[in-house]
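Chemist: You'll find data-v8.txt just under this line, and it carries compact mmCIF, C-alpha atoms (C1' of nucleotides).
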# COMPACT_ATOMS: atom_id res chain seq x y z
CA MET J 1003 19.78 -8.10 1.62
CA ARG J 1004 22.44 -5.48 0.92
CA ILE J 1005 21.96 -1.72 1.07
CA HIS J 1006 24.19 0.85 -0.56
CA GLU J 1007 24.00 4.24 -2.17
CA ASN J 1008 24.88 5.37 -5.67
CA SER J 1009 24.65 8.74 -7.37
CA SER J 1010 20.90 8.62 -8.03
CA ALA J 1011 19.36 6.30 -5.46
CA VAL J 1012 19.70 4.12 -2.42
CA VAL J 1013 19.83 0.55 -3.65
CA ILE J 1014 18.50 -2.47 -1.78
CA GLU J 1015 19.69 -5.69 -3.34
CA ASN J 1016 18.34 -9.17 -2.81
CA ALA J 1017 14.92 -8.09 -1.55
CA LYS J 1018 13.08 -11.40 -1.49
CA ASP J 1019 9.31 -11.85 -1.40
CA PHE J 1020 8.87 -8.22 -2.36
CA ASP J 1021 6.95 -6.81 -5.33
CA ILE J 1022 6.05 -3.13 -5.41
CA HIS J 1023 3.21 -3.78 -7.86
CA HIS J 1024 1.63 -6.27 -5.49
CA ILE J 1025 2.14 -4.06 -2.47
CA PHE J 1026 0.86 -0.81 -3.93
CA SER J 1027 -2.19 -2.35 -5.56
CA SER J 1028 -3.12 -4.28 -2.44
CA GLY J 1029 -5.31 -1.57 -0.95
CA GLN J 1030 -3.11 -0.98 2.09
CA SER J 1031 -2.45 2.56 0.93
CA VAL J 1032 -4.13 4.69 -1.72
CA ARG J 1033 -1.41 7.31 -1.63
CA TRP J 1034 1.33 5.67 -3.67
CA LYS J 1035 1.01 7.01 -7.20
CA LYS J 1036 2.22 4.99 -10.12
CA GLN J 1037 4.50 6.93 -12.48
CA LYS J 1038 4.98 6.61 -16.22
CA ASP J 1039 8.19 4.68 -15.65
CA ASN J 1040 6.43 2.11 -13.41
CA SER J 1041 7.94 3.52 -10.25
CA TYR J 1042 5.77 4.74 -7.37
CA THR J 1043 5.87 8.04 -5.51
CA CYS J 1044 4.33 8.94 -2.17
CA VAL J 1045 4.53 11.32 0.75
CA VAL J 1046 5.20 9.47 3.98
CA LYS J 1047 5.25 11.70 7.04
CA ASP J 1048 6.81 14.82 5.48
CA LYS J 1049 9.07 13.14 2.93
CA ILE J 1050 8.55 12.53 -0.76
CA ILE J 1051 9.90 9.15 -1.73
CA ASN J 1052 10.06 7.27 -5.02
CA VAL J 1053 10.51 3.52 -5.36
CA SER J 1054 11.24 1.36 -8.36
CA GLN J 1055 12.15 -2.28 -8.70
CA ILE J 1056 14.05 -4.50 -11.11
CA ASP J 1057 13.89 -8.15 -10.13
CA ASP J 1058 15.11 -8.39 -6.52
CA THR J 1059 16.64 -4.92 -6.50
CA LEU J 1060 14.88 -1.85 -5.13
CA TYR J 1061 15.80 1.73 -5.94
CA LEU J 1062 14.74 4.39 -3.45
CA LYS J 1063 15.03 7.93 -4.73
CA ASN J 1064 14.87 11.31 -2.98
CA THR J 1065 16.22 9.83 0.24
CA ASN J 1066 19.54 8.81 1.77
CA LEU J 1067 21.29 5.81 3.22
CA GLY J 1068 20.65 6.78 6.83
CA ASP J 1069 16.91 7.26 6.38
CA VAL J 1070 16.64 4.00 4.50
CA LYS J 1071 18.31 2.05 7.27
CA ASN J 1072 16.55 3.89 10.08
CA PHE J 1073 13.09 4.19 8.60
CA TRP J 1074 12.30 2.83 5.15
CA VAL J 1075 13.45 -0.73 5.74
CA HIS J 1076 10.99 -0.90 8.59
CA TYR J 1077 8.25 0.95 6.73
CA PHE J 1078 8.39 -1.56 3.89
CA GLY J 1079 8.45 -4.52 6.24
CA LEU J 1080 11.83 -5.59 4.91
CA ASP J 1081 12.86 -6.57 8.43
CA ILE J 1082 10.49 -9.53 8.37
CA ASN J 1083 11.30 -12.89 6.79
CA TYR J 1084 8.36 -13.75 4.58
CA SER J 1085 9.69 -17.08 3.40
CA ILE J 1086 9.25 -18.33 6.96
CA ILE J 1087 5.79 -16.80 7.19
CA LYS J 1088 4.73 -18.45 3.94
CA LYS J 1089 6.06 -21.79 5.06
CA GLU J 1090 4.20 -21.60 8.36
CA ILE J 1091 0.96 -20.62 6.64
CA LEU J 1092 1.23 -23.57 4.29
CA ASN J 1093 1.86 -25.88 7.23
CA ILE J 1094 -1.46 -24.78 8.66
CA SER J 1095 -3.39 -24.71 5.38
CA PRO J 1096 -1.65 -26.32 2.38
CA ASN J 1097 -4.57 -25.49 0.10
CA LEU J 1098 -3.54 -21.82 0.15
CA SER J 1099 -0.43 -22.37 -1.96
CA HIS J 1100 -1.88 -20.91 -5.17
CA ILE J 1101 -3.23 -17.93 -3.21
CA ILE J 1102 0.18 -17.19 -1.71
CA ASP J 1103 1.96 -17.69 -5.03
CA PHE J 1104 -0.40 -15.24 -6.68
CA GLY J 1105 0.51 -12.45 -4.24
CA SER J 1106 4.01 -13.67 -3.54
CA GLY J 1107 5.48 -10.18 -3.31
CA LEU J 1108 2.99 -8.78 -0.81
CA ARG J 1109 4.20 -7.21 2.40
CA ILE J 1110 2.37 -5.47 5.19
CA LEU J 1111 3.65 -1.92 5.35
CA ASN J 1112 4.15 -0.13 8.66
CA GLN J 1113 2.08 2.97 8.15
CA ASP J 1114 1.28 5.94 10.34
CA GLU J 1115 -1.49 5.27 12.85
CA TRP J 1116 -3.43 8.47 12.35
CA GLU J 1117 -3.37 8.40 8.56
CA THR J 1118 -4.31 4.74 8.55
CA LEU J 1119 -7.18 5.33 10.95
CA ILE J 1120 -8.75 8.09 8.85
CA ASN J 1121 -8.18 6.18 5.61
CA LEU J 1122 -9.96 3.15 6.98
CA ILE J 1123 -12.88 5.15 8.35
CA LEU J 1124 -13.29 6.64 4.89
CA SER J 1125 -13.13 3.23 3.27
CA ALA J 1126 -16.41 2.10 4.85
CA ASN J 1127 -18.99 1.29 2.19
CA ASN J 1128 -16.82 3.13 -0.32
CA SER J 1129 -14.89 2.13 -3.41
CA MET J 1130 -11.11 2.19 -3.56
CA GLN J 1131 -11.09 4.67 -6.40
CA MET J 1132 -13.40 7.00 -4.50
CA LEU J 1133 -11.28 6.60 -1.39
CA GLU J 1134 -8.22 7.64 -3.35
CA LYS J 1135 -9.96 10.77 -4.60
CA VAL J 1136 -11.26 11.70 -1.16
CA VAL J 1137 -7.84 11.30 0.44
CA ASP J 1138 -6.25 13.35 -2.35
CA ASN J 1139 -8.82 16.07 -1.69
CA LEU J 1140 -8.07 16.13 2.03
CA CYS J 1141 -4.31 16.22 1.51
CA SER J 1142 -4.20 18.85 -1.20
CA ARG J 1143 -6.64 21.13 0.63
CA TYR J 1144 -5.69 20.62 4.25
CA GLY J 1145 -2.28 18.96 4.30
CA ASP J 1146 1.01 20.86 4.23
CA TYR J 1147 2.65 21.51 0.91
CA ILE J 1148 5.77 19.37 0.92
CA GLY J 1149 7.26 20.09 -2.47
CA GLU J 1150 7.41 19.13 -6.09
CA TYR J 1151 8.77 15.91 -7.53
CA GLU J 1152 8.98 15.13 -11.23
CA GLY J 1153 6.54 17.96 -11.93
CA GLU J 1154 3.91 16.90 -9.38
CA LYS J 1155 3.05 18.74 -6.19
CA TYR J 1156 2.87 16.67 -3.02
CA TYR J 1157 1.12 17.29 0.29
CA SER J 1158 1.27 15.67 3.70
CA PHE J 1159 -1.72 14.02 5.32
CA PRO J 1160 -3.70 16.56 7.38
CA THR J 1161 -3.07 16.52 11.13
CA PRO J 1162 -5.72 15.66 13.75
CA ASP J 1163 -5.74 19.35 14.67
CA LYS J 1164 -6.47 20.35 11.10
CA LEU J 1165 -9.23 17.83 10.47
CA SER J 1166 -10.95 18.55 13.78
CA SER J 1167 -11.04 22.24 12.89
CA LEU J 1168 -13.02 21.63 9.70
CA SER J 1169 -16.78 22.03 9.50
CA LEU J 1170 -18.97 19.18 8.33
CA ASP J 1171 -19.59 21.13 5.15
CA GLU J 1172 -15.88 21.53 4.49
CA LEU J 1173 -15.46 17.81 4.95
CA ARG J 1174 -18.37 17.13 2.62
CA GLU J 1175 -16.73 19.29 -0.02
CA CYS J 1176 -13.89 16.79 0.04
CA LYS J 1177 -16.50 14.13 -0.78
CA VAL J 1178 -16.27 12.21 2.48
CA GLY J 1179 -20.05 11.78 2.34
CA PHE J 1180 -21.90 10.49 5.38
CA ARG J 1181 -18.56 9.79 7.08
CA ASP J 1182 -18.18 13.51 7.84
CA LYS J 1183 -19.37 13.13 11.42
CA TYR J 1184 -17.10 10.13 12.00
CA ILE J 1185 -14.06 12.14 10.91
CA LYS J 1186 -15.08 15.13 12.98
CA SER J 1187 -15.69 13.13 16.14
CA THR J 1188 -12.66 10.88 15.83
CA SER J 1189 -10.25 13.71 15.08
CA ARG J 1190 -11.56 15.56 18.15
CA VAL J 1191 -10.92 12.56 20.37
CA ILE J 1192 -7.40 12.09 19.02
CA CYS J 1193 -6.65 15.81 19.38
CA ASN J 1194 -7.75 15.77 22.99
CA ASN J 1195 -5.62 12.70 23.55
CA ASP J 1196 -8.65 10.94 25.03
CA ILE J 1197 -7.29 7.93 23.22
CA ASP J 1198 -3.51 7.71 23.01
CA LEU J 1199 -3.35 6.53 19.42
CA TYR J 1200 0.43 6.35 19.19
CA ASN J 1201 0.74 4.11 22.23
CA LEU J 1202 -1.97 1.60 21.44
CA ASN J 1203 0.64 -0.67 19.87
CA LYS J 1204 2.00 -1.26 23.36
CA LEU J 1205 -1.26 -2.82 24.50
CA ASP J 1206 -2.25 -6.42 23.92
CA THR J 1207 -4.30 -6.98 20.80
CA LYS J 1208 -7.68 -7.14 22.50
CA SER J 1209 -7.21 -3.89 24.46
CA CYS J 1210 -5.82 -2.26 21.36
CA LEU J 1211 -8.91 -3.19 19.33
CA ASP J 1212 -11.26 -2.21 22.18
CA ASN J 1213 -9.70 1.24 22.30
CA LEU J 1214 -9.95 1.70 18.57
CA ARG J 1215 -13.60 0.67 18.53
CA GLU J 1216 -14.40 3.49 20.94
CA LEU J 1217 -13.85 5.85 18.04
CA SER J 1218 -16.72 6.96 15.86
CA GLY J 1219 -16.75 5.24 12.51
CA VAL J 1220 -14.56 2.43 13.79
CA GLY J 1221 -16.19 -0.98 13.94
CA GLU J 1222 -14.71 -4.42 13.97
CA LYS J 1223 -13.30 -4.40 10.44
CA VAL J 1224 -11.78 -0.94 10.56
CA ALA J 1225 -10.22 -1.59 13.97
CA ASP J 1226 -8.71 -4.82 12.68
CA CYS J 1227 -7.23 -3.08 9.65
CA VAL J 1228 -5.77 -0.18 11.65
CA ALA J 1229 -4.20 -2.58 14.14
CA MET J 1230 -2.72 -4.73 11.38
CA LEU J 1231 -1.55 -1.93 9.08
CA SER J 1232 -0.13 0.49 11.62
CA MET J 1233 0.33 -1.27 14.97
CA LYS J 1234 1.91 -4.58 14.07
CA LYS J 1235 -0.98 -6.57 15.43
CA TYR J 1236 -0.89 -9.56 13.13
CA ASP J 1237 -3.19 -11.82 15.14
CA VAL J 1238 -6.22 -10.03 13.70
CA PHE J 1239 -8.21 -11.02 10.63
CA ALA J 1240 -10.24 -8.25 9.04
CA VAL J 1241 -13.29 -9.56 7.22
CA ASP J 1242 -14.71 -7.41 4.44
CA VAL J 1243 -16.91 -8.34 1.49
CA TRP J 1244 -14.00 -9.86 -0.45
CA ILE J 1245 -12.62 -11.85 2.46
CA LYS J 1246 -16.08 -13.10 3.32
CA ARG J 1247 -16.62 -14.40 -0.21
CA ILE J 1248 -13.25 -16.10 -0.59
CA MET J 1249 -13.31 -17.59 2.92
CA GLU J 1250 -16.73 -19.08 2.32
CA ASP J 1251 -15.43 -20.40 -0.96
CA ILE J 1252 -12.32 -22.03 0.51
CA TYR J 1253 -13.35 -23.10 4.01
CA PHE J 1254 -17.15 -23.15 4.18
CA ASN J 1255 -18.15 -24.98 1.02
CA ASN J 1256 -19.69 -21.75 -0.27
CA GLU J 1257 -22.20 -21.61 2.56
CA SER J 1258 -23.00 -18.16 3.87
CA ASN J 1259 -21.55 -17.46 7.31
CA SER J 1260 -21.57 -14.43 9.57
CA VAL J 1261 -18.59 -12.10 9.51
CA LYS J 1262 -18.06 -12.77 13.19
CA LYS J 1263 -17.88 -16.51 12.69
CA ILE J 1264 -15.43 -16.22 9.79
CA ARG J 1265 -13.24 -13.86 11.78
CA LEU J 1266 -13.08 -16.15 14.80
CA PHE J 1267 -12.47 -19.18 12.62
CA ALA J 1268 -9.50 -17.50 10.92
CA VAL J 1269 -7.88 -16.08 14.05
CA ASP J 1270 -8.22 -19.45 15.75
CA LYS J 1271 -6.70 -21.21 12.74
CA PHE J 1272 -3.89 -18.82 11.84
CA GLY J 1273 -3.03 -17.09 15.12
CA ASP J 1274 -0.16 -14.61 14.71
CA LEU J 1275 -0.17 -15.22 10.97
CA SER J 1276 -3.79 -14.12 10.52
CA SER J 1277 -3.09 -10.73 8.98
CA PHE J 1278 -0.62 -12.10 6.47
CA VAL J 1279 -3.11 -14.71 5.34
CA GLN J 1280 -5.74 -12.02 5.13
CA GLN J 1281 -3.53 -9.94 2.83
CA TYR J 1282 -2.88 -12.80 0.45
CA LEU J 1283 -6.58 -13.71 0.40
CA PHE J 1284 -7.76 -10.17 -0.17
CA PHE J 1285 -5.30 -9.58 -2.99
CA PHE J 1286 -6.25 -12.80 -4.74
CA ALA J 1287 -9.99 -12.31 -4.27
CA ARG J 1288 -10.07 -8.75 -5.52
CA GLN J 1289 -7.69 -9.19 -8.44
CA ASN J 1290 -9.63 -12.24 -9.62
CA LYS J 1291 -13.04 -10.89 -8.66
CA VAL J 1292 -13.81 -14.01 -6.67
CA GLY J 1293 -17.55 -14.45 -6.19
CA LYS J 1294 -18.40 -11.88 -8.84
CA SER J 1295 -19.56 -12.42 -12.40
C1' DA C 31 -31.70 2.71 -13.91
C1' DT C 32 -30.15 -0.02 -10.31
C1' DC C 33 -26.56 -1.92 -7.78
C1' DC C 34 -22.40 -1.79 -5.39
C1' DA C 35 -18.11 -0.24 -3.06
C1' DG C 36 -12.08 -3.13 1.92
C1' DG C 37 -18.92 -0.99 6.99
C1' DT C 38 -20.82 1.50 10.88
C1' DG C 39 -24.38 3.02 14.02
C1' DA C 40 -29.06 3.02 15.38
C1' DT C 41 -33.11 0.53 16.16
C1' DC C 42 -36.01 -3.40 17.22
C1' DA C 43 -37.05 -8.32 18.41
C1' DT E 922 -26.62 -11.13 20.43
C1' DG E 923 -28.70 -10.98 15.77
C1' DA E 924 -31.14 -8.99 11.71
C1' DT E 925 -32.40 -4.85 9.14
C1' DC E 926 -31.69 -0.10 7.25
C1' DA E 927 -29.98 4.45 6.16
C1' DC E 928 -26.10 6.69 4.87
C1' DA E 929 -23.06 10.23 0.33
C1' DT E 930 -21.01 9.58 -3.79
C1' DG E 931 -19.83 8.12 -8.30
C1' DG E 932 -18.59 4.37 -11.44
C1' DA E 933 -20.18 0.25 -13.96
Starting from the file, give its structure as structure tokens.
Modeler:
Amino acid sequence: MRIHENSSAVVIENAKDFDIHHIFSSGQSVRWKKQKDNSYTCVVKDKIINVSQIDDTLYLKNTNLGDVKNFWVHYFGLDINYSIIKKEILNISPNLSHIIDFGSGLRILNQDEWETLINLILSANNSMQMLEKVVDNLCSRYGDYIGEYEGEKYYSFPTPDKLSSLSLDELRECKVGFRDKYIKSTSRVICNNDIDLYNLNKLDTKSCLDNLRELSGVGEKVADCVAMLSMKKYDVFAVDVWIKRIMEDIYFNNESNSVKKIRLFAVDKFGDLSSFVQQYLFFFARQNKVGKS
DNA sequence: ATCCAGGTGATCA
DNA sequence: TGATCACATGGA
């Protein structure tokens, strides 16, 4: 992997096991917006960034060499060797080869804890397209205006302070639905620092998950996803409707099993690779509508 | 019209 | 512990 800068972009060459179309349609984030030219634009923290890809070469626009090396490489998970991860997964379960090939360019991003937490609370019993709209509503109404890029206005994700100051009605107007009270309660707790969200990554996985589950609107699945997507806890295996279906299909001869049992089975089987396996499975299951007619 | 969407919390046995 | 239900909202 080689990084350099030209007149219009920072260029990352030889980015293996990396496909922006896989990554940004994998449900990890609903904030990356696909552009007419097949690039993607997003606000991360308070920066607007645009990414495009040709073969193994990435082009990062509206940034600079220093930020790429200090931040974006890590954000995109480019500091992890996925060819080793894939190999180890296949050693454990060779029958996953077509699943891994299908989502071969997937990576787990390193996203902000707070934004990830609220996104996942909002995802409960919700559709991805609704989630995207709700998050857009929150950002454009209650985030900070960051600037304009290619004719679009971009906003940051609202702070804990901001969200906790909103009334339930104001939240409902953003179409959060019955999750209004979850958002209100959780943002209060984070504001008060009753749970030190930005230091949970320092705890072991179990304590980390236990802390997250204290929060309103955070159950087993949401806690797993937050830990995996923003705290580098990869020995967790989040089971949602898609994962349940495809796991039963692959490992349980299509017999119905409890979410708890599937989760334990996977973590026991895949250990520190659990979250990577989960990403490949989810991507495959959803793209191919596994278990649906 | 009815069901479902990257579930959670409350209630009851 | 384990099963059942309500919960906003909008698309299919």
Chemist: What's the 8 Å shell around DA35 (chain C), counting all atoms listed in the file, without same-chain residues fewer than 3 positions away, as number ranges by chain?
Modeler: J: 1127-1130
Chemist: Could you list the residues in chain J lying within 9 Å of chain C, using all atoms listed in the file, and format the result as a ChimeraX atom specification?
Modeler: /J:1029,1122-1123,1125-1130,1132,1218-1224,1240-1245,1284
Chemist: Using all atoms listed in the file, which of J:Lys1049, J:His1100, J:His1023, J:Lys1135 sits nearest chain E?
Modeler: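 Checking each candidate against chain E, we get J:Lys1135 as the closest.
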Chemist: Return as number ranges by chain the residues belonging to chain J that are within 9 Å of chain E, counting all atoms listed in the file.
Modeler: J: 1128, 1132, 1174, 1177-1181
Chemist: Can you pull out every residue within 7 Å of Asn1016 (chain J), counting all atoms listed in the file, but drop anything in the same chain fewer than 5 positions away, and send it as number ranges by chain?
Modeler: J: 1003-1004, 1058-1059
Chemist: Can I get the selection written as a PDB file, in the coordinates of the input, with C-alpha atoms?
Modeler:
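Printed below is selection-v3.pdb as written:
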ATOM      1  CA  MET J1003      19.780  -8.100   1.620  1.00  0.00           C
ATOM      2  CA  ARG J1004      22.440  -5.480   0.920  1.00  0.00           C
ATOM      3  CA  ASP J1058      15.110  -8.390  -6.520  1.00  0.00           C
ATOM      4  CA  THR J1059      16.640  -4.920  -6.500  1.00  0.00           C
TER       5      THR J1059
END
Chemist: Quick one: residues within 9 Å of Asp1163 (chain J), all atoms listed in the file, excluding same-chain residues fewer than 3 positions away - as number ranges by chain?
Modeler: J: 1160, 1166-1167, 1189-1190, 1192-1193
Chemist: Please report the interatomic distance between CA of Lys1038 (chain J) and CA of Glu1154 (chain J) in Å with one decimal.
Modeler: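 Computed distance, CA of Lys1038 (chain J) to CA of Glu1154 (chain J), equals 12.4 Å.
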Chemist: Work out how far apart CA of Gly1079 (chain J) and CA of Ser1232 (chain J) are and give it in Å to one decimal.
Modeler: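 Atom-to-atom, CA of Gly1079 (chain J) to CA of Ser1232 (chain J), that is 11.3 Å.
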Chemist: Would you compute the distance between CA of Ser1187 (chain J) and CA of Asp1237 (chain J)? Give it in Å to one decimal.
Modeler: 27.9 Å
Chemist: Taking 2 positions as the minimum chain separation for residues in the same chain, which residues sit within 10 Å of Met1249 (chain J) when counting only C-alpha atoms (C1' of nucleotides)? Answer as a list in words.
Modeler: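 The contact residues come out as Val1241, Trp1244, Ile1245, Lys1246, Arg1247, Asp1251, Ile1252, Tyr1253, Phe1254, Asn1255, Asn1256, Glu1257, Ser1258, Asn1259, Ile1264, Arg1265, Phe1267, Ala1268, Gln1280, Leu1283, Phe1284 and Ala1287 of chain J.
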Chemist: Generate the missing atoms of region 1261-1274 of chain J up to N, CA and C atoms and report them as a PDB file, in the coordinates of the input.
Modeler:
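Result file is rebuild_26.pdb:
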ATOM      1  N   VAL J1261     -19.921 -12.687   9.457  1.00  0.00           N
ATOM      2  CA  VAL J1261     -18.590 -12.100   9.510  1.00  0.00           C
ATOM      3  C   VAL J1261     -17.889 -12.490  10.805  1.00  0.00           C
ATOM      4  N   LYS J1262     -18.633 -12.456  11.883  1.00  0.00           N
ATOM      5  CA  LYS J1262     -18.060 -12.770  13.190  1.00  0.00           C
ATOM      6  C   LYS J1262     -17.522 -14.185  13.234  1.00  0.00           C
ATOM      7  N   LYS J1263     -18.292 -15.104  12.674  1.00  0.00           N
ATOM      8  CA  LYS J1263     -17.880 -16.510  12.690  1.00  0.00           C
ATOM      9  C   LYS J1263     -16.626 -16.725  11.834  1.00  0.00           C
ATOM     10  N   ILE J1264     -16.594 -16.085  10.681  1.00  0.00           N
ATOM     11  CA  ILE J1264     -15.430 -16.220   9.790  1.00  0.00           C
ATOM     12  C   ILE J1264     -14.184 -15.645  10.448  1.00  0.00           C
ATOM     13  N   ARG J1265     -14.359 -14.514  11.109  1.00  0.00           N
ATOM     14  CA  ARG J1265     -13.240 -13.860  11.780  1.00  0.00           C
ATOM     15  C   ARG J1265     -12.660 -14.738  12.886  1.00  0.00           C
ATOM     16  N   LEU J1266     -13.536 -15.291  13.709  1.00  0.00           N
ATOM     17  CA  LEU J1266     -13.080 -16.150  14.800  1.00  0.00           C
ATOM     18  C   LEU J1266     -12.423 -17.420  14.257  1.00  0.00           C
ATOM     19  N   PHE J1267     -13.020 -17.984  13.244  1.00  0.00           N
ATOM     20  CA  PHE J1267     -12.470 -19.180  12.620  1.00  0.00           C
ATOM     21  C   PHE J1267     -11.031 -18.932  12.157  1.00  0.00           C
ATOM     22  N   ALA J1268     -10.815 -17.796  11.492  1.00  0.00           N
ATOM     23  CA  ALA J1268      -9.500 -17.500  10.920  1.00  0.00           C
ATOM     24  C   ALA J1268      -8.461 -17.209  12.006  1.00  0.00           C
ATOM     25  N   VAL J1269      -8.840 -16.407  12.988  1.00  0.00           N
ATOM     26  CA  VAL J1269      -7.880 -16.080  14.050  1.00  0.00           C
ATOM     27  C   VAL J1269      -7.506 -17.332  14.828  1.00  0.00           C
ATOM     28  N   ASP J1270      -8.483 -18.192  15.048  1.00  0.00           N
ATOM     29  CA  ASP J1270      -8.220 -19.450  15.750  1.00  0.00           C
ATOM     30  C   ASP J1270      -7.297 -20.337  14.928  1.00  0.00           C
ATOM     31  N   LYS J1271      -7.472 -20.333  13.627  1.00  0.00           N
ATOM     32  CA  LYS J1271      -6.700 -21.210  12.740  1.00  0.00           C
ATOM     33  C   LYS J1271      -5.293 -20.677  12.495  1.00  0.00           C
ATOM     34  N   PHE J1272      -5.167 -19.382  12.291  1.00  0.00           N
ATOM     35  CA  PHE J1272      -3.890 -18.820  11.840  1.00  0.00           C
ATOM     36  C   PHE J1272      -3.112 -18.063  12.917  1.00  0.00           C
ATOM     37  N   GLY J1273      -3.741 -17.738  14.027  1.00  0.00           N
ATOM     38  CA  GLY J1273      -3.030 -17.090  15.120  1.00  0.00           C
ATOM     39  C   GLY J1273      -2.272 -15.840  14.700  1.00  0.00           C
ATOM     40  N   ASP J1274      -0.983 -15.793  15.015  1.00  0.00           N
ATOM     41  CA  ASP J1274      -0.160 -14.610  14.710  1.00  0.00           C
ATOM     42  C   ASP J1274       0.073 -14.400  13.217  1.00  0.00           C
TER      43      ASP J1274
END
